[in-house]
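> Just so it is clear, I am handing over input_24.cif, which has mmCIF, C-alpha atoms.
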```cif
data_protein
loop_
_atom_site.group_PDB
_atom_site.id
_atom_site.type_symbol
_atom_site.label_atom_id
_atom_site.label_comp_id
_atom_site.auth_asym_id
_atom_site.auth_seq_id
_atom_site.Cartn_x
_atom_site.Cartn_y
_atom_site.Cartn_z
ATOM 1 C CA ASP A 15 38.581 -7.432 -14.993
ATOM 2 C CA THR A 16 38.282 -11.023 -16.124
ATOM 3 C CA GLY A 17 38.023 -10.426 -19.876
ATOM 4 C CA VAL A 18 40.638 -10.913 -22.587
ATOM 5 C CA SER A 19 43.258 -8.194 -22.319
ATOM 6 C CA GLN A 20 45.684 -7.048 -24.968
ATOM 7 C CA ASP A 21 48.733 -4.841 -24.768
ATOM 8 C CA PRO A 22 49.622 -2.388 -26.145
ATOM 9 C CA ARG A 23 46.322 -0.994 -27.406
ATOM 10 C CA HIS A 24 48.074 1.167 -29.974
ATOM 11 C CA LYS A 25 51.493 0.946 -31.559
ATOM 12 C CA ILE A 26 53.067 3.192 -34.176
ATOM 13 C CA THR A 27 56.293 1.874 -35.624
ATOM 14 C CA LYS A 28 58.612 2.603 -38.490
ATOM 15 C CA ARG A 29 58.786 0.233 -41.418
ATOM 16 C CA GLY A 30 61.395 -2.442 -40.813
ATOM 17 C CA GLN A 31 61.083 -2.460 -37.026
ATOM 18 C CA ASN A 32 59.890 -5.440 -34.997
ATOM 19 C CA VAL A 33 56.769 -5.272 -32.836
ATOM 20 C CA THR A 34 55.329 -7.622 -30.239
ATOM 21 C CA PHE A 35 51.774 -7.817 -28.944
ATOM 22 C CA ARG A 36 50.688 -9.609 -25.805
ATOM 23 C CA CYS A 37 47.362 -11.275 -25.047
ATOM 24 C CA ASP A 38 46.125 -12.487 -21.676
ATOM 25 C CA PRO A 39 43.108 -14.750 -22.179
ATOM 26 C CA ILE A 40 40.335 -15.445 -19.742
ATOM 27 C CA SER A 41 42.026 -17.565 -17.112
ATOM 28 C CA GLU A 42 40.048 -20.786 -17.466
ATOM 29 C CA HIS A 43 40.153 -20.773 -21.282
ATOM 30 C CA ASN A 44 42.589 -23.150 -22.908
ATOM 31 C CA ARG A 45 42.037 -22.044 -26.514
ATOM 32 C CA LEU A 46 43.544 -18.821 -27.806
ATOM 33 C CA TYR A 47 43.190 -17.240 -31.238
ATOM 34 C CA TRP A 48 44.812 -14.390 -33.105
ATOM 35 C CA TYR A 49 42.933 -12.543 -35.833
ATOM 36 C CA ARG A 50 43.798 -9.513 -37.968
ATOM 37 C CA GLN A 51 41.253 -6.891 -38.971
ATOM 38 C CA THR A 52 41.697 -4.070 -41.473
ATOM 39 C CA LEU A 53 39.343 -1.121 -41.892
ATOM 40 C CA GLY A 54 36.028 -2.044 -43.434
ATOM 41 C CA GLN A 55 36.665 -5.762 -43.246
ATOM 42 C CA GLY A 56 35.817 -8.607 -40.974
ATOM 43 C CA PRO A 57 38.558 -10.322 -38.978
ATOM 44 C CA GLU A 58 40.883 -12.792 -40.703
ATOM 45 C CA PHE A 59 42.101 -15.837 -38.834
ATOM 46 C CA LEU A 60 45.851 -15.952 -38.194
ATOM 47 C CA THR A 61 46.557 -18.743 -35.732
ATOM 48 C CA TYR A 62 45.140 -20.812 -32.891
ATOM 49 C CA PHE A 63 46.536 -22.472 -29.750
ATOM 50 C CA GLN A 64 45.158 -25.171 -27.546
ATOM 51 C CA ASN A 65 47.091 -24.819 -24.319
ATOM 52 C CA GLU A 66 50.703 -24.275 -25.417
ATOM 53 C CA ALA A 67 50.371 -26.106 -28.732
ATOM 54 C CA GLN A 68 49.961 -24.045 -31.896
ATOM 55 C CA LEU A 69 47.494 -26.200 -33.823
ATOM 56 C CA GLU A 70 46.697 -24.136 -36.865
ATOM 57 C CA LYS A 71 48.291 -21.317 -38.849
ATOM 58 C CA SER A 72 46.753 -19.354 -41.681
ATOM 59 C CA ARG A 73 48.643 -18.910 -44.929
ATOM 60 C CA LEU A 74 48.307 -15.185 -44.122
ATOM 61 C CA LEU A 75 50.922 -15.723 -41.428
ATOM 62 C CA SER A 76 54.129 -15.136 -43.346
ATOM 63 C CA ASP A 77 57.609 -16.004 -42.070
ATOM 64 C CA ARG A 78 57.778 -12.544 -40.493
ATOM 65 C CA PHE A 79 54.996 -13.448 -38.070
ATOM 66 C CA SER A 80 55.486 -15.702 -35.080
ATOM 67 C CA ALA A 81 53.176 -16.495 -32.203
ATOM 68 C CA GLU A 82 53.917 -18.249 -28.957
ATOM 69 C CA ARG A 83 52.057 -19.389 -25.900
ATOM 70 C CA PRO A 84 54.874 -20.807 -23.816
ATOM 71 C CA LYS A 85 53.027 -21.863 -20.685
ATOM 72 C CA GLY A 86 49.554 -22.202 -22.080
ATOM 73 C CA SER A 87 48.462 -18.924 -20.534
ATOM 74 C CA PHE A 88 49.381 -15.590 -22.168
ATOM 75 C CA SER A 89 50.414 -15.386 -25.816
ATOM 76 C CA THR A 90 52.652 -13.091 -27.835
ATOM 77 C CA LEU A 91 52.430 -12.223 -31.519
ATOM 78 C CA GLU A 92 55.635 -10.841 -33.015
ATOM 79 C CA ILE A 93 55.946 -9.201 -36.401
ATOM 80 C CA GLN A 94 59.470 -8.803 -37.698
ATOM 81 C CA ARG A 95 60.600 -6.286 -40.312
ATOM 82 C CA THR A 96 57.177 -4.611 -40.380
ATOM 83 C CA GLU A 97 55.712 -3.431 -43.676
ATOM 84 C CA GLN A 98 53.019 -0.841 -44.293
ATOM 85 C CA GLY A 99 50.638 -3.620 -45.251
ATOM 86 C CA ASP A 100 50.875 -4.943 -41.692
ATOM 87 C CA SER A 101 48.914 -1.911 -40.444
ATOM 88 C CA ALA A 102 45.757 -3.381 -38.935
ATOM 89 C CA MET A 103 44.074 -4.244 -35.671
ATOM 90 C CA TYR A 104 45.325 -7.487 -34.160
ATOM 91 C CA LEU A 105 42.611 -9.215 -32.175
ATOM 92 C CA CYS A 106 43.056 -11.937 -29.616
ATOM 93 C CA ALA A 107 40.233 -14.224 -28.507
ATOM 94 C CA SER A 108 39.915 -17.109 -26.127
ATOM 95 C CA SER A 109 37.497 -19.939 -25.533
ATOM 96 C CA SER A 110 37.132 -23.123 -23.569
ATOM 97 C CA ALA A 111 37.495 -26.453 -25.320
ATOM 98 C CA THR A 112 33.949 -27.441 -24.476
ATOM 99 C CA GLY A 113 31.927 -24.266 -24.846
ATOM 100 C CA VAL A 114 30.795 -23.040 -28.226
ATOM 101 C CA ASP A 115 29.440 -19.824 -26.816
ATOM 102 C CA THR A 116 32.567 -18.721 -25.060
ATOM 103 C CA ILE A 117 34.642 -17.155 -27.852
ATOM 104 C CA TYR A 118 35.505 -13.832 -26.268
ATOM 105 C CA PHE A 119 37.571 -11.125 -27.930
ATOM 106 C CA GLY A 120 39.902 -8.557 -26.469
ATOM 107 C CA GLU A 121 39.792 -4.868 -27.376
ATOM 108 C CA GLY A 122 42.488 -5.329 -30.001
ATOM 109 C CA SER A 123 45.929 -3.858 -30.628
ATOM 110 C CA TRP A 124 46.099 -1.240 -33.350
ATOM 111 C CA LEU A 125 49.301 -1.268 -35.384
ATOM 112 C CA THR A 126 50.275 1.610 -37.660
ATOM 113 C CA VAL A 127 53.419 1.169 -39.726
ATOM 114 C CA VAL A 128 54.787 4.448 -41.103
ATOM 115 C CA GLY B 20 35.013 -21.953 -51.074
ATOM 116 C CA GLU B 21 34.046 -20.308 -47.844
ATOM 117 C CA ASP B 22 32.346 -16.939 -48.124
ATOM 118 C CA VAL B 23 30.109 -14.879 -45.870
ATOM 119 C CA GLU B 24 28.335 -11.842 -47.290
ATOM 120 C CA GLN B 25 26.480 -8.961 -45.693
ATOM 121 C CA SER B 26 25.218 -5.633 -46.941
ATOM 122 C CA LEU B 27 27.459 -2.796 -45.797
ATOM 123 C CA PHE B 28 24.884 -0.396 -44.323
ATOM 124 C CA LEU B 29 21.440 -0.416 -42.736
ATOM 125 C CA SER B 30 19.598 2.722 -41.648
ATOM 126 C CA VAL B 31 16.567 2.533 -39.337
ATOM 127 C CA ARG B 32 14.564 4.922 -37.197
ATOM 128 C CA GLU B 33 14.898 4.781 -33.439
ATOM 129 C CA GLY B 34 12.193 2.511 -32.046
ATOM 130 C CA ASP B 35 11.789 0.492 -35.248
ATOM 131 C CA SER B 36 13.057 -3.042 -35.759
ATOM 132 C CA SER B 37 16.367 -3.604 -37.525
ATOM 133 C CA VAL B 38 16.912 -6.697 -39.634
ATOM 134 C CA ILE B 39 20.481 -7.460 -40.633
ATOM 135 C CA ASN B 40 20.971 -10.193 -43.209
ATOM 136 C CA CYS B 41 23.832 -12.540 -43.970
ATOM 137 C CA THR B 42 24.398 -15.277 -46.531
ATOM 138 C CA TYR B 43 27.016 -17.982 -46.376
ATOM 139 C CA THR B 44 28.163 -20.603 -48.831
ATOM 140 C CA ASP B 45 29.448 -23.554 -46.829
ATOM 141 C CA SER B 46 26.671 -25.974 -45.926
ATOM 142 C CA SER B 47 28.928 -27.697 -43.381
ATOM 143 C CA SER B 48 28.716 -24.747 -40.983
ATOM 144 C CA THR B 49 28.218 -25.938 -37.448
ATOM 145 C CA TYR B 50 27.535 -22.679 -35.632
ATOM 146 C CA LEU B 51 26.662 -19.198 -36.855
ATOM 147 C CA TYR B 52 27.351 -16.108 -34.789
ATOM 148 C CA TRP B 53 26.499 -12.454 -34.562
ATOM 149 C CA TYR B 54 29.072 -10.087 -33.108
ATOM 150 C CA LYS B 55 28.806 -6.356 -32.440
ATOM 151 C CA GLN B 56 31.714 -3.938 -32.797
ATOM 152 C CA GLU B 57 31.567 -0.347 -31.604
ATOM 153 C CA PRO B 58 34.065 2.226 -32.955
ATOM 154 C CA GLY B 59 37.641 1.460 -31.913
ATOM 155 C CA ALA B 60 36.555 -1.483 -29.800
ATOM 156 C CA GLY B 61 36.835 -5.254 -29.913
ATOM 157 C CA LEU B 62 34.112 -7.699 -30.859
ATOM 158 C CA GLN B 63 31.248 -8.462 -28.518
ATOM 159 C CA LEU B 64 29.482 -11.787 -28.945
ATOM 160 C CA LEU B 65 25.746 -11.067 -29.194
ATOM 161 C CA THR B 66 24.283 -14.464 -29.941
ATOM 162 C CA TYR B 67 24.852 -17.676 -31.842
ATOM 163 C CA ILE B 68 22.754 -20.445 -33.336
ATOM 164 C CA PHE B 69 23.497 -24.094 -33.968
ATOM 165 C CA SER B 70 23.016 -25.150 -37.558
ATOM 166 C CA ASN B 71 20.184 -27.582 -36.747
ATOM 167 C CA MET B 72 18.070 -24.786 -35.253
ATOM 168 C CA ASP B 73 15.958 -22.363 -37.228
ATOM 169 C CA MET B 74 15.284 -19.686 -34.634
ATOM 170 C CA LYS B 75 16.683 -18.349 -31.412
ATOM 171 C CA GLN B 76 15.347 -15.471 -29.329
ATOM 172 C CA ASP B 77 17.191 -13.587 -26.631
ATOM 173 C CA GLN B 78 15.454 -10.485 -25.256
ATOM 174 C CA ARG B 79 15.391 -7.923 -28.099
ATOM 175 C CA LEU B 80 17.379 -10.178 -30.432
ATOM 176 C CA THR B 81 15.897 -12.799 -32.757
ATOM 177 C CA VAL B 82 18.075 -14.948 -34.994
ATOM 178 C CA LEU B 83 16.529 -16.757 -37.948
ATOM 179 C CA LEU B 84 18.391 -19.426 -39.903
ATOM 180 C CA ASN B 85 17.256 -20.755 -43.284
ATOM 181 C CA LYS B 86 19.686 -23.560 -43.872
ATOM 182 C CA LYS B 87 18.266 -24.443 -47.290
ATOM 183 C CA ASP B 88 18.959 -20.920 -48.580
ATOM 184 C CA LYS B 89 22.072 -20.484 -46.380
ATOM 185 C CA HIS B 90 20.591 -17.281 -45.014
ATOM 186 C CA LEU B 91 20.967 -15.910 -41.495
ATOM 187 C CA SER B 92 19.298 -12.824 -40.082
ATOM 188 C CA LEU B 93 19.468 -10.810 -36.884
ATOM 189 C CA ARG B 94 16.422 -8.833 -35.834
ATOM 190 C CA ILE B 95 16.817 -6.146 -33.175
ATOM 191 C CA ALA B 96 13.477 -5.037 -31.763
ATOM 192 C CA ASP B 97 12.920 -1.437 -30.594
ATOM 193 C CA THR B 98 16.262 -0.229 -31.958
ATOM 194 C CA GLN B 99 18.009 2.290 -29.708
ATOM 195 C CA THR B 100 20.874 4.729 -30.324
ATOM 196 C CA GLY B 101 23.131 2.431 -28.301
ATOM 197 C CA ASP B 102 22.631 -0.217 -30.971
ATOM 198 C CA SER B 103 24.687 1.872 -33.419
ATOM 199 C CA ALA B 104 27.639 -0.323 -34.329
ATOM 200 C CA ILE B 105 28.950 -2.684 -36.976
ATOM 201 C CA TYR B 106 27.374 -6.135 -36.843
ATOM 202 C CA PHE B 107 29.386 -9.106 -38.060
ATOM 203 C CA CYS B 108 28.052 -12.453 -39.125
ATOM 204 C CA ALA B 109 30.472 -15.381 -38.734
ATOM 205 C CA GLU B 110 30.370 -19.120 -39.275
ATOM 206 C CA SER B 111 32.443 -21.912 -37.818
ATOM 207 C CA LEU B 112 33.109 -24.966 -39.921
ATOM 208 C CA ASP B 113 34.620 -27.440 -37.490
ATOM 209 C CA SER B 114 35.152 -28.140 -33.843
ATOM 210 C CA ASN B 115 38.201 -25.895 -33.731
ATOM 211 C CA TYR B 116 35.851 -22.934 -33.933
ATOM 212 C CA GLN B 117 37.906 -21.108 -36.553
ATOM 213 C CA LEU B 118 35.518 -18.410 -37.675
ATOM 214 C CA ILE B 119 34.863 -17.131 -41.191
ATOM 215 C CA TRP B 120 33.568 -13.574 -41.111
ATOM 216 C CA GLY B 121 31.477 -11.255 -43.207
ATOM 217 C CA ALA B 122 32.642 -7.677 -43.821
ATOM 218 C CA GLY B 123 30.116 -6.294 -41.339
ATOM 219 C CA THR B 124 26.919 -4.234 -41.591
ATOM 220 C CA LYS B 125 27.008 -0.727 -40.184
ATOM 221 C CA LEU B 126 23.737 0.005 -38.384
ATOM 222 C CA ILE B 127 22.813 3.693 -38.481
ATOM 223 C CA ILE B 128 20.035 4.936 -36.207
ATOM 224 C CA LYS B 129 17.986 7.933 -37.306
ATOM 225 C CA PRO B 130 16.257 9.968 -34.586
#
```
Before we go any further, please render this structure as structure tokens.

Amino acid sequence: DTGVSQDPRHKITKRGQNVTFRCDPISEHNRLYWYRQTLGQGPEFLTYFQNEAQLEKSRLLSDRFSAERPKGSFSTLEIQRTEQGDSAMYLCASSSATGVDTIYFGEGSWLTVV
Amino acid sequence: GEDVEQSLFLSVREGDSSVINCTYTDSSSTYLYWYKQEPGAGLQLLTYIFSNMDMKQDQRLTVLLNKKDKHLSLRIADTQTGDSAIYFCAESLDSNYQLIWGAGTKLIIKP
């Protein structure tokens, strides 16, 4: 499978716990994005990497959120001290720097904070 | 500010054409996209159009762009039950391809 893969697909956690999601982009893509989607809404941009550099962060990304892409390949999104409002689907996407039609999304990681 | 709007539901009969509409506010959009999302799944890129084009056709899909009215539409010919999904319109404003999304239109197919 050469698509964008995300892990885990589902996570249920207690309020206050930390969670980490992993994204493996399509191998030749150097751009990687994280989005958040809640029920009945379109995705909201969180952050974007070109290679290992984090180039843009949304104001939605509070201090409790951190994303890394240490070697320019896979990325992790960590949420510390989770709150119920963090319950959402976290979507990862990747694209090449030259192709406008190559923004591909993974299946998403569902987070439920109880 | 940036805003993308879509109607929430569209119901069509199997075999008819579906037309899903989208309006956007930022005239500096470079590309406009249509994505499809099936229940519990990620987003599948269906098609996109560059802002200096007014039409693009790809098999059963036709995209129309009216830049003056900031209106985008997606026409699906011969709608099938497998087309049931939520369809999202999105625009990108700069070369970083950060996307601004609508809330999605749920396409319901009647037999």
> Compare A:Pro39, A:Gly30, A:Gly54, A:Gly17 by their minimum atom-to-atom distance to Cys106 of chain A, counting all atoms listed in the file, and give me the closest one.
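For Cys106 of chain A, the nearest of the candidates is A:Pro39.
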> Report as number ranges by chain all protein, DNA and RNA residues lying within 7 Å of Leu64 of chain B, evaluated on all atoms listed in the file, omitting residues in the same chain fewer than 5 positions from it.
A: 118; B: 53-55
> Please list as a PyMOL selection string every residue within 12 Å of Phe88 of chain A, counting only C-alpha atoms and excluding residues in the same chain fewer than 2 positions away.
chain A and resi 18-21+35-48+63-66+81-86+90-91+106-108
> Output as an MDAnalysis selection string the set of chain A residues within 7 Å of chain B, with distances taken over all atoms listed in the file.
chainID A and resid 54:57 118:122
> Quick one, how far is atom CA of Leu91 of chain B from atom CA of Ala111 of chain A?
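Between these atoms lies a distance of 25.4 Å.
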> Extract, using only C-alpha atoms, all DNA, RNA and protein residues at most 6 Å from Ser103 of chain B, discarding same-chain residues fewer than 3 positions from it, and format them as a PyMOL selection string.
chain B and resi 100+126-127
> Check which residues satisfy the PyMOL selection byres ((chain B and resi 43-48) around 9) in the file shown, then give them as a PyMOL selection string.
chain B and resi 20-24+41-42+49-51+69-70+86-91+109-113+121
> Which one is closest to Thr96 of chain A: A:Arg23, A:Lys28, A:Ile117, A:Asp77? Count all atoms listed in the file.
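With all atoms listed in the file as the atom set, the closest residue is A:Lys28.
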> Just the residues within 8 Å of segment 28-32 of chain B, please, counting only C-alpha atoms, with nothing from its chain fewer than 2 positions along; format it as a PDB file with C-alpha atoms, in the coordinates of the input.

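The resulting selection_34.pdb:
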```pdb
ATOM      1  CA  SER B  26      25.218  -5.633 -46.941  1.00  0.00           C
ATOM      2  CA  GLY B  34      12.193   2.511 -32.046  1.00  0.00           C
ATOM      3  CA  ASP B  35      11.789   0.492 -35.248  1.00  0.00           C
ATOM      4  CA  SER B  36      13.057  -3.042 -35.759  1.00  0.00           C
ATOM      5  CA  SER B  37      16.367  -3.604 -37.525  1.00  0.00           C
ATOM      6  CA  ILE B  39      20.481  -7.460 -40.633  1.00  0.00           C
ATOM      7  CA  THR B  98      16.262  -0.229 -31.958  1.00  0.00           C
ATOM      8  CA  THR B 124      26.919  -4.234 -41.591  1.00  0.00           C
ATOM      9  CA  LYS B 125      27.008  -0.727 -40.184  1.00  0.00           C
ATOM     10  CA  LEU B 126      23.737   0.005 -38.384  1.00  0.00           C
ATOM     11  CA  ILE B 127      22.813   3.693 -38.481  1.00  0.00           C
ATOM     12  CA  ILE B 128      20.035   4.936 -36.207  1.00  0.00           C
ATOM     13  CA  LYS B 129      17.986   7.933 -37.306  1.00  0.00           C
ATOM     14  CA  PRO B 130      16.257   9.968 -34.586  1.00  0.00           C
TER      15      PRO B 130
END
```
> One decimal, in Å: what's the spacing between atom CA of Leu93 of chain B and atom CA of Phe59 of chain A?
23.3 Å
> Name the closest residue to Glu58 of chain A among the candidates A:Ser123, A:Tyr104, A:Thr16, A:Val128; distances are taken between atoms, counting only C-alpha atoms.
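For Glu58 of chain A, the nearest of the given residues is A:Tyr104.
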> Could you work out how far atom CA of Ala96 of chain B lies from atom CA of Leu84 of chain B, giving the answer in Å with one decimal?
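Going from atom CA of Leu84 of chain B over to atom CA of Ala96 of chain B covers 17.2 Å.
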> Of the candidates B:Gln25, B:Ser92, B:Ala104, B:Val38, which shows the shortest atom-to-atom distance to Met74 of chain B, using only C-alpha atoms?
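Using only C-alpha atoms, the shortest distance to Met74 of chain B belongs to B:Ser92.
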> Which residue, A:Ser110, A:Glu92, A:Met103, A:Glu97, has the smallest gap to Arg29 of chain A when you use all atoms listed in the file?
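Nearest to Arg29 of chain A: A:Glu97.
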